[in-house]
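Pasted below: upload-v2.cif, mmCIF, C-alpha atoms.
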```cif
data_entry
#
loop_
_atom_site.group_PDB
_atom_site.id
_atom_site.type_symbol
_atom_site.label_atom_id
_atom_site.label_comp_id
_atom_site.auth_asym_id
_atom_site.auth_seq_id
_atom_site.Cartn_x
_atom_site.Cartn_y
_atom_site.Cartn_z
ATOM 1 C CA MET A 1 -63.298 205.244 -66.405
ATOM 2 C CA THR A 2 -59.800 205.547 -64.957
ATOM 3 C CA PRO A 3 -59.236 207.972 -62.091
ATOM 4 C CA ARG A 4 -55.955 209.203 -63.609
ATOM 5 C CA LEU A 5 -54.980 210.420 -67.006
ATOM 6 C CA PHE A 6 -53.171 207.890 -69.134
ATOM 7 C CA PRO A 7 -50.216 207.887 -69.556
ATOM 8 C CA PRO A 8 -49.479 209.317 -66.107
ATOM 9 C CA SER A 9 -47.371 212.441 -65.949
ATOM 10 C CA ASP A 10 -44.816 210.779 -63.647
ATOM 11 C CA LEU A 11 -44.150 207.912 -66.085
ATOM 12 C CA ASP A 12 -40.634 209.170 -66.719
ATOM 13 C CA ASP A 13 -39.900 209.008 -62.986
ATOM 14 C CA LEU A 14 -41.200 205.440 -62.852
ATOM 15 C CA GLN A 15 -38.934 204.417 -65.726
ATOM 16 C CA ALA A 16 -35.949 205.970 -63.969
ATOM 17 C CA ASP A 17 -36.840 204.126 -60.747
ATOM 18 C CA LEU A 18 -37.189 200.839 -62.588
ATOM 19 C CA THR A 19 -33.870 201.352 -64.351
ATOM 20 C CA ALA A 20 -32.188 202.111 -61.029
ATOM 21 C CA GLU A 21 -33.680 199.006 -59.390
ATOM 22 C CA ILE A 22 -32.602 196.736 -62.244
ATOM 23 C CA THR A 23 -29.050 198.051 -62.432
ATOM 24 C CA TYR A 24 -28.409 198.416 -58.680
ATOM 25 C CA PRO A 25 -25.417 196.117 -57.944
ATOM 26 C CA ARG A 26 -26.994 194.562 -54.862
ATOM 27 C CA HIS A 27 -30.000 193.364 -56.878
ATOM 28 C CA LEU A 28 -27.948 191.733 -59.618
ATOM 29 C CA VAL A 29 -27.168 188.022 -59.738
ATOM 30 C CA PRO A 30 -23.607 187.455 -58.454
ATOM 31 C CA VAL A 31 -20.976 186.365 -60.935
ATOM 32 C CA ARG A 32 -19.977 182.708 -60.621
ATOM 33 C CA PRO A 33 -16.389 182.200 -59.487
ATOM 34 C CA HIS A 34 -13.945 180.817 -62.013
ATOM 35 C CA ARG A 35 -12.659 177.286 -61.777
ATOM 36 C CA SER A 36 -9.828 176.746 -59.379
ATOM 37 C CA TYR A 37 -8.358 174.221 -61.803
ATOM 38 C CA VAL A 38 -8.208 173.650 -65.515
ATOM 39 C CA ARG A 39 -10.736 171.113 -66.776
ATOM 40 C CA SER A 40 -7.932 168.967 -68.177
ATOM 41 C CA GLN A 41 -6.453 168.657 -64.662
ATOM 42 C CA LYS A 42 -9.568 166.995 -63.277
ATOM 43 C CA ARG A 43 -9.044 163.296 -62.766
ATOM 44 C CA PRO A 44 -11.669 160.901 -64.049
ATOM 45 C CA GLY A 45 -13.545 158.721 -61.605
ATOM 46 C CA GLY A 46 -14.735 161.295 -59.106
ATOM 47 C CA ARG A 47 -13.816 161.664 -55.462
ATOM 48 C CA PHE A 48 -13.723 158.042 -54.355
ATOM 49 C CA PRO A 49 -12.218 155.115 -56.260
ATOM 50 C CA THR A 50 -14.693 152.675 -57.741
ATOM 51 C CA LYS A 51 -14.868 149.263 -56.163
ATOM 52 C CA LYS A 52 -13.804 146.320 -58.232
ATOM 53 C CA PRO A 53 -15.851 143.093 -58.061
ATOM 54 C CA ALA A 54 -13.094 141.479 -55.947
ATOM 55 C CA ASP A 55 -13.373 144.303 -53.372
ATOM 56 C CA ARG A 56 -17.108 143.881 -52.850
ATOM 57 C CA PRO A 57 -18.511 141.331 -50.411
ATOM 58 C CA PRO A 58 -20.175 138.352 -52.100
ATOM 59 C CA LYS A 59 -23.934 138.610 -52.565
ATOM 60 C CA HIS A 60 -26.225 136.173 -50.832
ATOM 61 C CA PRO A 61 -28.683 134.299 -53.045
ATOM 62 C CA ARG A 62 -32.165 135.773 -53.091
ATOM 63 C CA THR A 63 -33.987 132.449 -53.203
ATOM 64 C CA LYS A 64 -33.848 129.682 -50.665
ATOM 65 C CA VAL A 65 -34.012 126.150 -52.040
ATOM 66 C CA ILE A 66 -35.211 123.426 -49.698
ATOM 67 C CA PHE A 67 -34.752 119.753 -50.591
ATOM 68 C CA TRP A 68 -36.577 116.979 -48.773
ATOM 69 C CA ALA A 69 -36.473 113.246 -49.156
ATOM 70 C CA LEU A 70 -39.575 111.455 -50.437
ATOM 71 C CA THR A 71 -40.751 108.692 -48.167
ATOM 72 C CA ARG A 72 -42.440 106.670 -50.959
ATOM 73 C CA ARG A 73 -41.766 106.508 -54.632
ATOM 74 C CA PRO A 74 -44.774 107.432 -56.730
ATOM 75 C CA LYS A 75 -46.130 104.663 -58.964
#
```

What's the structure tokens form of this structure?
Amino acid sequence: MTPRLFPPSDLDDLQADLTAEITYPRHLVPVRPHRSYVRSQKRPGGRFPTKKPADRPPKHPRTKVIFWALTRRPK
């Protein structure tokens, strides 16, 4: 058994409070600012220029190959 009558008599007040909370400007999500430039003005490639293969330092080999001389020839 519920202690109050249903629907409560102050339901209209609750709806008004909820409406006020939802529409209160401080509770709303802020509007995103517009672009400061037109999309067609944006240059491709990002902020920094890409490095060409000639600009990069040469890579060291990952494997190390060791040669040694055989003292005897196998028969």

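Atom CA of A:Asp12 is positioned 21.9 Å from atom CA of A:Pro25.
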
Next item on the list: Give me, please, the distance in Å between atom CA of A:Thr63 and atom CA of A:Thr50, quoted to one decimal.
Entry: 28.3 Å

Next item on the list: Record the distance separating atom CA of A:Arg32 and atom CA of A:Phe48, expressed in Å with one decimal.
Entry: 26.2 Å
